[in-house]
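Asks: mmCIF, C-alpha atoms and all ligand atoms, file run16.cif:
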```
data_run
#
loop_
_atom_site.label_atom_id
_atom_site.label_comp_id
_atom_site.auth_asym_id
_atom_site.auth_seq_id
_atom_site.Cartn_x
_atom_site.Cartn_y
_atom_site.Cartn_z
CA MET A 139 46.63 89.34 117.59
CA ASP A 140 46.13 86.53 115.11
CA ALA A 141 49.28 85.19 113.48
CA VAL A 142 50.55 86.89 110.33
CA ALA A 143 51.26 84.45 107.47
CA TRP A 144 54.58 85.49 105.95
CA GLY A 145 56.29 84.87 102.66
CA ILE A 146 60.02 85.46 102.24
CA ALA A 147 61.63 86.44 98.94
CA GLY A 148 65.35 85.67 99.17
CA PHE A 149 65.82 82.94 101.77
CA GLY A 150 69.54 83.51 102.39
CA TRP A 151 71.62 84.39 105.40
CA VAL A 152 69.61 87.12 107.10
CA ALA A 153 66.29 85.46 106.27
CA GLN A 154 67.28 82.02 107.56
CA ASP A 155 69.36 83.02 110.56
CA TYR A 156 67.32 85.99 111.83
CA MET A 157 63.94 86.51 110.17
CA ALA A 158 62.60 82.94 110.17
CA PRO A 159 63.39 82.47 113.90
CA ALA A 160 61.82 85.87 114.64
CA ILE A 161 58.63 84.96 112.77
CA ALA A 162 58.35 81.79 114.86
CA ALA A 163 59.19 83.56 118.14
CA ALA A 164 56.56 86.25 117.46
CA GLY A 165 53.92 83.54 117.05
CA HIS A 166 53.56 84.33 113.34
CA ARG A 167 53.91 81.74 110.57
CA LEU A 168 56.25 81.27 107.62
CA ALA A 169 53.96 80.07 104.82
CA ALA A 170 56.10 80.25 101.67
CA ILE A 171 59.46 81.29 100.30
CA LEU A 172 60.93 82.20 96.93
CA ASP A 173 64.59 81.47 96.26
CA PRO A 174 66.22 79.76 93.27
CA ASP A 175 68.94 78.19 95.42
CA PRO A 176 68.09 74.52 96.11
CA SER A 177 69.65 74.67 99.60
CA ALA A 178 67.29 77.54 100.48
CA GLY A 179 64.36 75.40 99.35
CA GLU A 180 65.53 72.52 101.51
CA ALA A 181 65.86 74.81 104.52
CA ALA A 182 62.34 76.15 103.95
CA ARG A 183 60.82 72.69 103.65
CA ARG A 184 62.40 71.77 107.00
CA LEU A 185 60.33 74.67 108.43
CA ASN A 186 57.18 73.37 106.69
CA ALA A 187 57.09 76.34 104.31
CA ARG A 188 56.11 76.00 100.64
CA VAL A 189 58.71 76.79 98.00
CA CYS A 190 57.37 78.97 95.20
CA ALA A 191 58.73 78.56 91.68
CA SER A 192 58.23 82.19 90.64
CA LEU A 193 57.60 85.68 91.97
CA ASP A 194 54.11 85.55 90.44
CA GLU A 195 53.38 82.39 92.38
CA LEU A 196 54.43 84.02 95.67
CA ALA A 197 52.53 87.23 94.84
CA GLY A 198 49.43 85.22 93.95
CA ASP A 199 49.50 83.01 97.04
CA PRO A 200 46.24 83.89 98.85
CA GLU A 201 47.55 82.61 102.17
CA VAL A 202 50.52 84.99 102.27
CA GLU A 203 49.67 88.34 103.89
CA ALA A 204 53.08 89.91 104.27
CA VAL A 205 56.38 89.37 102.47
CA TYR A 206 59.88 89.97 103.80
CA VAL A 207 62.15 90.86 100.87
CA ALA A 208 65.77 89.83 101.52
CA THR A 209 67.24 89.32 98.07
CA PRO A 210 70.39 91.08 96.86
CA ASN A 211 69.66 94.82 96.66
CA HIS A 212 69.05 95.16 92.89
CA LEU A 213 66.08 92.79 93.16
CA HIS A 214 64.28 94.78 95.87
CA ARG A 215 62.54 97.01 93.33
CA PRO A 216 61.02 94.32 91.05
CA MET A 217 60.05 92.26 94.10
CA VAL A 218 58.37 95.17 95.87
CA GLU A 219 56.58 96.46 92.77
CA THR A 220 55.08 93.04 91.98
CA LEU A 221 54.19 92.20 95.58
CA ALA A 222 52.61 95.62 96.17
CA ARG A 223 50.45 95.29 93.08
CA ALA A 224 49.30 91.93 94.46
CA GLY A 225 48.26 93.64 97.72
CA LYS A 226 50.90 92.11 99.99
CA ALA A 227 52.24 94.04 102.97
CA ILE A 228 56.02 94.35 102.62
CA LEU A 229 58.99 94.46 104.95
CA CYS A 230 61.97 95.06 102.65
CA GLU A 231 65.59 94.81 103.73
CA LYS A 232 67.90 97.80 103.73
CA PRO A 233 69.11 99.49 101.64
CA MET A 234 65.63 100.15 100.27
CA ALA A 235 67.19 100.05 96.78
CA PRO A 236 70.55 100.66 95.08
CA SER A 237 69.37 104.13 93.97
CA HIS A 238 66.96 106.83 95.08
CA ALA A 239 65.17 106.54 91.73
CA ASP A 240 64.45 102.86 92.37
CA ALA A 241 63.29 103.67 95.91
CA CYS A 242 60.87 106.32 94.53
CA ALA A 243 59.40 103.80 92.10
CA MET A 244 58.93 101.32 94.95
CA ALA A 245 57.25 103.96 97.12
CA GLU A 246 54.91 104.91 94.29
CA ALA A 247 53.89 101.26 93.79
CA CYS A 248 53.22 100.87 97.53
CA GLN A 249 51.19 104.07 97.75
CA GLU A 250 49.13 103.24 94.68
CA ALA A 251 48.35 99.82 96.12
CA GLY A 252 47.68 101.25 99.60
CA ILE A 253 49.75 98.51 101.25
CA LEU A 254 51.86 98.65 104.40
CA TYR A 255 55.54 99.07 103.54
CA ARG A 256 58.49 99.26 105.92
CA THR A 257 62.22 99.11 105.32
CA ALA A 258 63.75 96.56 107.69
CA PHE A 259 65.73 98.88 109.96
CA ASP A 260 66.04 96.28 112.69
CA GLN A 261 68.49 98.31 114.78
CA ARG A 262 65.79 100.73 115.94
CA HIS A 263 64.24 97.64 117.54
CA HIS A 264 67.37 96.71 119.52
CA PRO A 265 66.53 96.89 123.25
CA ALA A 266 69.67 98.95 123.99
CA HIS A 267 68.77 101.48 121.31
CA ILE A 268 65.22 101.76 122.64
CA ALA A 269 66.70 102.46 126.10
CA ILE A 270 69.01 105.14 124.66
CA ARG A 271 66.18 106.75 122.70
CA ASP A 272 64.08 106.94 125.87
CA ALA A 273 66.99 108.36 127.91
CA VAL A 274 67.73 111.05 125.32
CA ALA A 275 64.05 112.02 125.14
CA ALA A 276 63.91 112.21 128.96
CA GLY A 277 66.82 114.68 129.00
CA VAL A 278 69.27 112.35 130.75
CA ILE A 279 72.25 113.80 128.81
CA GLY A 280 70.85 117.32 128.49
CA ALA A 281 70.71 118.79 124.99
CA PRO A 282 72.17 116.30 122.49
CA THR A 283 75.02 117.81 120.50
CA ALA A 284 76.55 114.89 118.59
CA LEU A 285 75.94 111.26 117.70
CA ARG A 286 78.93 109.15 116.68
CA ILE A 287 78.60 105.68 115.25
CA VAL A 288 81.28 103.17 114.27
CA TYR A 289 79.84 100.18 112.44
CA ALA A 290 82.49 98.10 110.75
CA CYS A 291 83.20 94.54 109.69
CA TRP A 292 85.42 92.49 107.40
CA VAL A 293 84.10 91.73 103.91
CA GLY A 294 86.88 90.28 101.81
CA PRO A 295 86.47 89.61 98.07
CA ASP A 296 85.34 86.03 98.67
CA TRP A 297 83.22 86.76 101.75
CA SER A 298 79.90 85.06 102.21
CA ALA A 299 77.87 84.64 105.35
CA CYS A 300 79.17 81.83 107.48
CA GLY A 301 77.56 78.52 108.35
CA SER A 302 75.10 76.92 105.98
CA MET A 303 75.31 79.89 103.62
CA GLY A 304 79.04 79.48 102.95
CA GLY A 305 80.27 79.38 99.36
CA ARG A 306 77.72 81.81 97.91
CA GLU A 307 78.58 84.61 95.52
CA ASN A 308 79.62 87.86 97.16
CA TRP A 309 77.06 90.14 95.52
CA ARG A 310 77.88 92.85 98.12
CA ILE A 311 80.95 93.92 96.15
CA ASP A 312 79.23 93.88 92.74
CA PRO A 313 78.15 97.49 92.12
CA ARG A 314 75.39 96.37 89.71
CA LYS A 315 73.79 94.24 92.40
CA ALA A 316 74.64 96.08 95.63
CA GLY A 317 74.62 99.66 94.29
CA GLY A 318 77.98 100.34 96.00
CA GLY A 319 80.06 98.99 98.86
CA ALA A 320 80.33 99.63 102.60
CA LEU A 321 78.51 102.99 102.45
CA ILE A 322 75.30 101.79 100.84
CA ASP A 323 75.26 98.56 102.84
CA LEU A 324 75.96 99.88 106.34
CA ALA A 325 75.21 103.63 106.43
CA PRO A 326 71.40 103.29 106.05
CA HIS A 327 71.34 101.52 109.43
CA GLY A 328 73.15 104.42 111.10
CA LEU A 329 71.06 107.10 109.41
CA ASP A 330 67.83 105.46 110.49
CA LEU A 331 69.16 104.86 113.98
CA ALA A 332 70.28 108.47 114.32
CA ALA A 333 66.80 109.73 113.45
CA PHE A 334 65.28 107.22 115.88
CA LEU A 335 67.60 108.08 118.78
CA LEU A 336 67.42 111.85 118.31
CA GLY A 337 63.74 112.04 117.44
CA GLU A 338 64.38 114.02 114.25
CA PRO A 339 65.77 113.24 110.82
CA ILE A 340 69.16 114.17 109.46
CA GLU A 341 68.63 117.08 107.09
CA ASP A 342 71.88 116.98 105.20
CA ALA A 343 74.75 114.50 104.81
CA HIS A 344 78.09 114.30 103.04
CA ALA A 345 80.46 111.37 102.56
CA LEU A 346 84.03 110.39 101.82
CA THR A 347 84.76 106.87 100.60
CA GLN A 348 87.91 104.77 100.50
CA ARG A 349 89.22 101.67 98.75
CA ARG A 350 91.99 101.02 101.17
CA VAL A 351 92.42 97.28 101.71
CA HIS A 352 90.39 95.08 99.38
CA PRO A 353 91.04 94.74 95.63
CA TYR A 354 87.45 95.31 94.54
CA THR A 355 85.82 98.17 92.72
CA VAL A 356 83.43 99.37 95.43
CA ASP A 357 84.31 101.34 98.57
CA ASP A 358 85.59 99.28 101.51
CA GLY A 359 85.11 102.15 103.96
CA ALA A 360 83.24 105.42 104.26
CA LEU A 361 82.81 108.40 106.54
CA LEU A 362 79.53 110.22 106.56
CA ILE A 363 78.79 113.46 108.36
CA GLY A 364 75.34 114.90 108.80
CA ARG A 365 73.30 117.38 110.83
CA THR A 366 69.75 117.36 112.11
CA ALA A 367 67.30 120.27 111.96
CA ALA A 368 68.09 121.15 115.59
CA GLY A 369 71.80 121.18 114.76
CA VAL A 370 72.95 117.84 116.23
CA PHE A 371 76.03 116.48 114.42
CA VAL A 372 75.93 112.88 113.23
CA THR A 373 79.05 111.01 112.13
CA LEU A 374 79.15 107.47 110.81
CA HIS A 375 82.25 105.43 110.13
CA VAL A 376 81.30 102.29 108.24
CA ALA A 377 83.74 99.75 106.86
CA TYR A 378 84.29 96.39 105.22
CA ASN A 379 88.02 96.56 106.06
CA CYS A 380 88.03 96.18 109.85
CA PRO A 381 89.19 92.84 111.34
CA GLU A 382 86.34 91.39 113.33
CA ALA A 383 88.52 90.86 116.42
CA LEU A 384 88.94 94.64 116.78
CA PRO A 385 86.43 96.89 118.59
CA ARG A 386 84.17 97.88 115.70
CA ARG A 387 80.65 98.55 116.93
CA ARG A 388 80.32 101.67 119.03
CA LEU A 389 77.67 104.33 119.42
CA GLU A 390 77.99 107.54 121.47
CA VAL A 391 75.38 110.20 122.06
CA VAL A 392 76.99 113.31 123.49
CA GLY A 393 74.91 115.88 125.33
CA SER A 394 75.33 119.10 127.29
CA SER A 395 75.31 117.24 130.62
CA GLY A 396 76.32 113.66 129.86
CA GLN A 397 77.10 110.98 127.34
CA LEU A 398 75.62 107.59 126.57
CA VAL A 399 78.02 105.00 125.16
CA ALA A 400 76.87 101.72 123.64
CA CYS A 401 79.32 98.95 122.72
CA ASP A 402 78.49 95.98 120.52
CA THR A 403 74.82 96.87 120.17
CA MET A 404 74.96 97.57 116.42
CA GLY A 405 74.18 94.37 114.52
CA GLN A 406 71.56 91.67 114.25
CA ASP A 407 71.82 90.26 117.77
CA PRO A 408 70.60 91.52 121.14
CA GLY A 409 73.17 92.26 123.85
CA GLY A 410 76.04 94.70 124.17
CA THR A 411 76.47 97.30 126.89
CA VAL A 412 75.23 100.82 127.57
CA GLU A 413 77.01 103.24 129.91
CA LEU A 414 76.07 106.72 131.08
CA ILE A 415 78.96 109.12 131.68
CA ASP A 416 78.18 112.03 134.00
CA GLY A 417 79.02 115.40 132.45
CA ARG A 418 80.12 116.92 135.81
CA THR A 419 82.32 114.15 137.19
CA GLY A 420 83.22 112.03 134.17
CA ALA A 421 82.17 108.96 136.14
CA GLY A 422 80.56 106.16 134.19
CA SER A 423 77.81 103.80 135.30
CA PRO A 424 75.87 101.05 133.52
CA TRP A 425 72.58 102.24 132.00
CA PRO A 426 69.70 99.79 132.40
CA VAL A 427 68.26 98.11 129.32
CA ARG A 428 64.82 96.58 129.58
CA ASP A 429 64.34 93.12 128.02
CA GLY A 430 67.93 93.28 126.86
CA HIS A 431 67.93 89.67 125.68
CA VAL A 432 65.15 90.12 123.08
CA SER A 433 66.17 89.91 119.43
CA PRO A 434 65.77 93.14 117.43
CA PHE A 435 64.32 90.98 114.64
CA LEU A 436 61.65 89.64 116.98
CA ASN A 437 60.74 93.18 118.05
CA GLN A 438 60.68 94.21 114.37
CA VAL A 439 58.33 91.38 113.36
CA ALA A 440 56.03 92.11 116.31
CA ALA A 441 55.95 95.85 115.45
CA PHE A 442 55.20 95.08 111.81
CA GLY A 443 52.39 92.74 112.83
CA ARG A 444 50.87 95.44 115.07
CA ALA A 445 51.07 98.01 112.25
CA LEU A 446 49.48 95.56 109.83
CA ARG A 447 46.61 94.75 112.16
CA SER A 448 46.04 98.40 113.14
CA GLY A 449 45.56 99.36 109.48
CA GLU A 450 46.97 102.79 110.23
CA PRO A 451 48.23 104.93 107.33
CA ASP A 452 51.94 104.68 106.77
CA ASP A 453 52.93 107.77 104.80
CA ASP A 454 55.37 109.14 107.42
CA ALA A 455 57.34 105.89 107.60
CA LEU A 456 57.57 105.66 103.82
CA ALA A 457 58.67 109.29 103.54
CA HIS A 458 61.34 108.63 106.18
CA ASP A 459 62.67 105.59 104.30
CA LEU A 460 62.75 107.55 101.04
CA HIS A 461 64.60 110.39 102.76
CA ILE A 462 67.32 107.96 103.88
CA ALA A 463 67.62 106.57 100.34
CA TRP A 464 67.96 110.16 99.11
CA LEU A 465 70.64 111.07 101.69
CA VAL A 466 72.74 108.01 100.81
CA ASP A 467 72.32 108.44 97.06
CA ARG A 468 73.26 112.12 97.11
CA ALA A 469 76.18 111.69 99.50
CA TYR A 470 77.50 108.80 97.40
CA ALA A 471 77.24 110.72 94.15
CA ALA A 472 79.18 113.65 95.59
CA ALA A 473 81.79 111.54 97.41
CA ARG A 474 85.28 111.81 96.04
CA PRO A 475 85.88 108.67 93.92
CA PRO A 476 87.96 106.28 95.99
CA ALA A 477 91.53 105.54 95.00
CA ALA A 478 92.48 101.94 94.26
CA ALA A 479 93.05 99.63 97.21
CA GLY A 480 96.30 100.38 98.96
CA GLY A 481 96.77 103.56 96.93
CA ALA A 482 97.20 107.06 98.25
CA PRO A 483 93.94 108.43 99.60
N1 LIG B 501 69.12 94.13 108.52
C1 LIG B 501 70.28 93.51 108.58
O1 LIG B 501 70.93 93.47 109.62
C2 LIG B 501 70.79 92.80 107.37
C3 LIG B 501 71.80 91.84 107.50
C4 LIG B 501 72.24 91.17 106.35
C5 LIG B 501 71.68 91.47 105.12
N2 LIG B 501 70.71 92.42 105.01
C6 LIG B 501 70.10 92.72 103.71
O2 LIG B 501 69.31 91.59 103.35
C7 LIG B 501 69.40 91.32 101.97
C8 LIG B 501 69.95 89.89 101.78
O3 LIG B 501 71.23 89.79 102.36
P1 LIG B 501 71.86 88.36 102.78
O4 LIG B 501 73.08 88.65 103.53
O5 LIG B 501 70.82 87.50 103.41
O6 LIG B 501 72.25 87.78 101.34
P2 LIG B 501 72.36 86.27 100.87
O7 LIG B 501 73.19 86.29 99.64
O8 LIG B 501 72.77 85.38 102.00
O9 LIG B 501 70.84 85.89 100.52
C9 LIG B 501 70.18 86.40 99.39
C10 LIG B 501 69.26 85.30 98.87
O10 LIG B 501 68.53 85.82 97.76
C11 LIG B 501 68.39 84.74 96.84
N3 LIG B 501 68.03 85.20 95.51
C12 LIG B 501 68.85 85.61 94.50
N4 LIG B 501 68.12 85.88 93.41
C13 LIG B 501 66.82 85.68 93.75
C14 LIG B 501 65.60 85.80 93.05
N5 LIG B 501 65.55 86.20 91.76
N6 LIG B 501 64.45 85.49 93.70
C15 LIG B 501 64.48 85.07 94.99
N7 LIG B 501 65.61 84.93 95.70
C16 LIG B 501 66.77 85.24 95.09
C17 LIG B 501 69.73 84.03 96.90
O11 LIG B 501 69.67 82.70 96.37
C18 LIG B 501 70.02 84.08 98.39
O12 LIG B 501 69.53 82.92 99.05
C19 LIG B 501 70.28 92.43 101.39
O13 LIG B 501 69.46 93.47 100.91
C20 LIG B 501 71.09 92.91 102.58
O14 LIG B 501 71.50 94.26 102.47
C21 LIG B 501 70.26 93.07 106.12
#
```
Now, as a test, write the supplied structure out as structure tokens.

Replies:
Amino acid sequence: MDAVAWGIAGFGWVAQDYMAPAIAAAGHRLAAILDPDPSAGEAARRLNARVCASLDELAGDPEVEAVYVATPNHLHRPMVETLARAGKAILCEKPMAPSHADACAMAEACQEAGILYRTAFDQRHHPAHIAIRDAVAAGVIGAPTALRIVYACWVGPDWSACGSMGGRENWRIDPRKAGGGALIDLAPHGLDLAAFLLGEPIEDAHALTQRRVHPYTVDDGALLIGRTAAGVFVTLHVAYNCPEALPRRRLEVVGSSGQLVACDTMGQDPGGTVELIDGRTGAGSPWPVRDGHVSPFLNQVAAFGRALRSGEPDDDALAHDLHIAWLVDRAYAAARPPAAAGGAP
């Protein structure tokens, strides 16, 4: 496959630390970026990428075939609408948008333009999750009955991604920019992963939110329960209020004859462990993961490149992404408003 020439809109933490290395590792090329932050421009120039002065310049760049959108959430919609109209293929970070209405407008723009659009659900590309999906489909745990995910981290009021990105504004806790807090940021990953692992979407979902630890206006934790068409329960516990030294990334798929347990596989990096627990004896044994060292972002870039070159229609993927935006939006709207931090639940 010939190399895809990428643009990146929003060259911050996830773009610099994960997407740019994945583009290089996949044998693709980073051609141009758009980001008003001078340090982002400097980082791009070190990678021999052009720095565009405006969205129109990036959208009009004839060399750029595909654009990865990794701005704060409220900018996903204007970025995607403009880039789609310009005919660019788009990989847009999760959440697709702060609201279902914005996500619908983005989907309409992509369909009208006939471009390839994917939401960047990198966790379905994690080698451990691919191994679990295959094991579930092969009947290794019998009939799946429940999927439980804990995906938590610590996002204090002044949090910003570490390393070279330190000192940036924490847009994640600004409801106008993020669309919410822990629920909208972290739950889309789990909802997509659940559908991927179980081979069917979640039909219905409900949420409770909390503001338990941090003194900001958005939720710092949320519980979400859902059910698939076949009746499998899905529970997600997502949080911004969990110290990072605690166990905080766990995934369990329970079935009628066994259980698969993954630790530390949720996140941007490869690695973690997968164990199969036998439903008759309770004995656990490691479950093999093929190519366990490969970055989920590398797998994601390679899959996007294959989809782009195949030219296959993409309506199912877009409908899936919209469904997730709808589940989150509706569950959020119906969630009991969280009490103030430290207050009674
Ligand atoms: N898939 C994942 O695992 C994962 C991980 C982290 C973040 N994300 C998502 O990626 C997106 C970015 O998150 P982040 O942590 O990298 O944030 P960040 O704050 O580190 O980076 C965002 C970048 O967007 C830039 N930006 C702001 N306004 C812009 C504009 N008008 N035009 C172009 N660039 C602009 C900022 O200068 C910044 O460099 C969010 O949607 C987030 O939810 C996904």

Asks: Could you give me, as a ChimeraX atom specification, the residues within 6 Å of stretch 354-371 of chain A, counting all atoms listed in the file and dropping anything in the same chain fewer than 6 positions from it?

Replies: /A:283-284,318-321,339-348,377-379

Asks: Report, in Å with one decimal, the straight-line distance from atom CA of A:Arg444 to atom CA of A:Gly148.

Replies: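 These two atoms are separated by 23.6 Å.
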
Asks: Assuming 3 Å of padding per side, give the centre and edge lengths of the axis-aligned box around every listed atom of ligand LIG 501 (chain B), in Å to one decimal and as lines of an AutoDock Vina configuration file.

Replies:
```
center_x = 68.8
center_y = 88.5
center_z = 100.7
size_x = 14.7
size_y = 17.6
size_z = 23.9
```

Asks: Counting all atoms listed in the file, which residues of stretch 252-289 of chain A sit at most 12 Å from some atom of stretch 207-217 of chain A, and what is each one's closest atom pair with its distance in Å to one decimal, listed by chain and rising residue number, as a tab-separated table?

Replies:
```
residue	atom	partner	partner_atom	distance
A:Tyr255	CA	A:Val207	CA	10.9
A:Arg256	CA	A:Val207	CA	10.5
A:Thr257	CA	A:Val207	CA	9.4
A:Ala258	CA	A:Val207	CA	9.0
```

Asks: Show me which residues are within 9 Å of ligand LIG 501 (chain B) counting all atoms listed in the file, and format the list as a PyMOL selection string.

Replies: chain A and resi 146-156+171-178+192-193+207-214+217+230-235+258-261+298-299+303-304+306-310+316+322-324+327+404-407+435

Asks: Given the choices A:Ala247, A:Ala187, A:Ala162, A:Leu398, which gets closest to A:Gly420 if the distance is worked out from all atoms listed in the file?

Replies: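 Distance minimum relative to A:Gly420 lands on A:Leu398.
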
Asks: Rebuild stretch 359-388 of chain A to N, CA and C atoms - output it as an mmCIF file, keeping the file's coordinate frame, please.

Replies:
```
data_model
loop_
_atom_site.group_PDB
_atom_site.id
_atom_site.type_symbol
_atom_site.label_atom_id
_atom_site.label_comp_id
_atom_site.auth_asym_id
_atom_site.auth_seq_id
_atom_site.Cartn_x
_atom_site.Cartn_y
_atom_site.Cartn_z
ATOM 1 N N GLY A 359 85.296 101.351 102.751
ATOM 2 C CA GLY A 359 85.110 102.150 103.960
ATOM 3 C C GLY A 359 84.517 103.493 103.591
ATOM 4 N N ALA A 360 83.831 104.103 104.534
ATOM 5 C CA ALA A 360 83.240 105.420 104.260
ATOM 6 C C ALA A 360 83.038 106.182 105.567
ATOM 7 N N LEU A 361 83.148 107.480 105.439
ATOM 8 C CA LEU A 361 82.810 108.400 106.540
ATOM 9 C C LEU A 361 81.644 109.230 106.069
ATOM 10 N N LEU A 362 80.675 109.408 106.943
ATOM 11 C CA LEU A 362 79.530 110.220 106.560
ATOM 12 C C LEU A 362 79.275 111.216 107.692
ATOM 13 N N ILE A 363 79.143 112.471 107.339
ATOM 14 C CA ILE A 363 78.790 113.460 108.360
ATOM 15 C C ILE A 363 77.439 114.071 108.005
ATOM 16 N N GLY A 364 76.655 114.334 109.032
ATOM 17 C CA GLY A 364 75.340 114.900 108.800
ATOM 18 C C GLY A 364 74.946 115.813 109.950
ATOM 19 N N ARG A 365 73.799 116.477 109.795
ATOM 20 C CA ARG A 365 73.300 117.380 110.830
ATOM 21 C C ARG A 365 71.785 117.355 110.827
ATOM 22 N N THR A 366 71.212 117.360 112.014
ATOM 23 C CA THR A 366 69.750 117.360 112.110
ATOM 24 C C THR A 366 69.239 118.805 112.070
ATOM 25 N N ALA A 367 67.912 118.934 112.005
ATOM 26 C CA ALA A 367 67.300 120.270 111.960
ATOM 27 C C ALA A 367 67.670 121.090 113.190
ATOM 28 N N ALA A 368 67.751 120.435 114.355
ATOM 29 C CA ALA A 368 68.090 121.150 115.590
ATOM 30 C C ALA A 368 69.580 121.446 115.693
ATOM 31 N N GLY A 369 70.367 120.887 114.774
ATOM 32 C CA GLY A 369 71.800 121.180 114.760
ATOM 33 C C GLY A 369 72.670 120.115 115.409
ATOM 34 N N VAL A 370 72.132 118.931 115.663
ATOM 35 C CA VAL A 370 72.950 117.840 116.230
ATOM 36 C C VAL A 370 73.825 117.254 115.113
ATOM 37 N N PHE A 371 75.126 117.115 115.382
ATOM 38 C CA PHE A 371 76.030 116.480 114.420
ATOM 39 C C PHE A 371 75.874 114.969 114.479
ATOM 40 N N VAL A 372 75.946 114.333 113.302
ATOM 41 C CA VAL A 372 75.930 112.880 113.230
ATOM 42 C C VAL A 372 77.119 112.439 112.391
ATOM 43 N N THR A 373 77.960 111.567 112.933
ATOM 44 C CA THR A 373 79.050 111.010 112.130
ATOM 45 C C THR A 373 78.953 109.492 112.132
ATOM 46 N N LEU A 374 79.153 108.926 110.954
ATOM 47 C CA LEU A 374 79.150 107.470 110.810
ATOM 48 C C LEU A 374 80.473 107.055 110.187
ATOM 49 N N HIS A 375 81.117 106.084 110.776
ATOM 50 C CA HIS A 375 82.250 105.430 110.130
ATOM 51 C C HIS A 375 81.830 104.001 109.871
ATOM 52 N N VAL A 376 81.696 103.655 108.598
ATOM 53 C CA VAL A 376 81.300 102.290 108.240
ATOM 54 C C VAL A 376 82.431 101.668 107.441
ATOM 55 N N ALA A 377 82.604 100.367 107.565
ATOM 56 C CA ALA A 377 83.740 99.750 106.860
ATOM 57 C C ALA A 377 83.561 98.262 106.651
ATOM 58 N N TYR A 378 84.154 97.812 105.537
ATOM 59 C CA TYR A 378 84.290 96.390 105.220
ATOM 60 C C TYR A 378 85.744 95.953 105.468
ATOM 61 N N ASN A 379 86.579 96.863 105.984
ATOM 62 C CA ASN A 379 88.020 96.560 106.060
ATOM 63 C C ASN A 379 88.538 96.518 107.494
ATOM 64 N N CYS A 380 87.639 96.205 108.436
ATOM 65 C CA CYS A 380 88.030 96.180 109.850
ATOM 66 C C CYS A 380 88.025 94.735 110.362
ATOM 67 N N PRO A 381 89.173 94.205 110.789
ATOM 68 C CA PRO A 381 89.190 92.840 111.340
ATOM 69 C C PRO A 381 88.154 92.688 112.450
ATOM 70 N N GLU A 382 87.478 91.556 112.429
ATOM 71 C CA GLU A 382 86.340 91.390 113.330
ATOM 72 C C GLU A 382 86.763 91.256 114.793
ATOM 73 N N ALA A 383 88.062 90.961 115.030
ATOM 74 C CA ALA A 383 88.520 90.860 116.420
ATOM 75 C C ALA A 383 88.731 92.237 117.054
ATOM 76 N N LEU A 384 88.736 93.287 116.237
ATOM 77 C CA LEU A 384 88.940 94.640 116.780
ATOM 78 C C LEU A 384 87.613 95.213 117.287
ATOM 79 N N PRO A 385 87.671 96.187 118.217
ATOM 80 C CA PRO A 385 86.430 96.890 118.590
ATOM 81 C C PRO A 385 85.891 97.591 117.349
ATOM 82 N N ARG A 386 84.643 97.365 116.984
ATOM 83 C CA ARG A 386 84.170 97.880 115.700
ATOM 84 C C ARG A 386 82.695 98.251 115.689
ATOM 85 N N ARG A 387 82.068 98.188 116.865
ATOM 86 C CA ARG A 387 80.650 98.550 116.930
ATOM 87 C C ARG A 387 80.444 99.436 118.144
ATOM 88 N N ARG A 388 80.385 100.741 117.914
ATOM 89 C CA ARG A 388 80.320 101.670 119.030
ATOM 90 C C ARG A 388 79.386 102.827 118.667
#
```
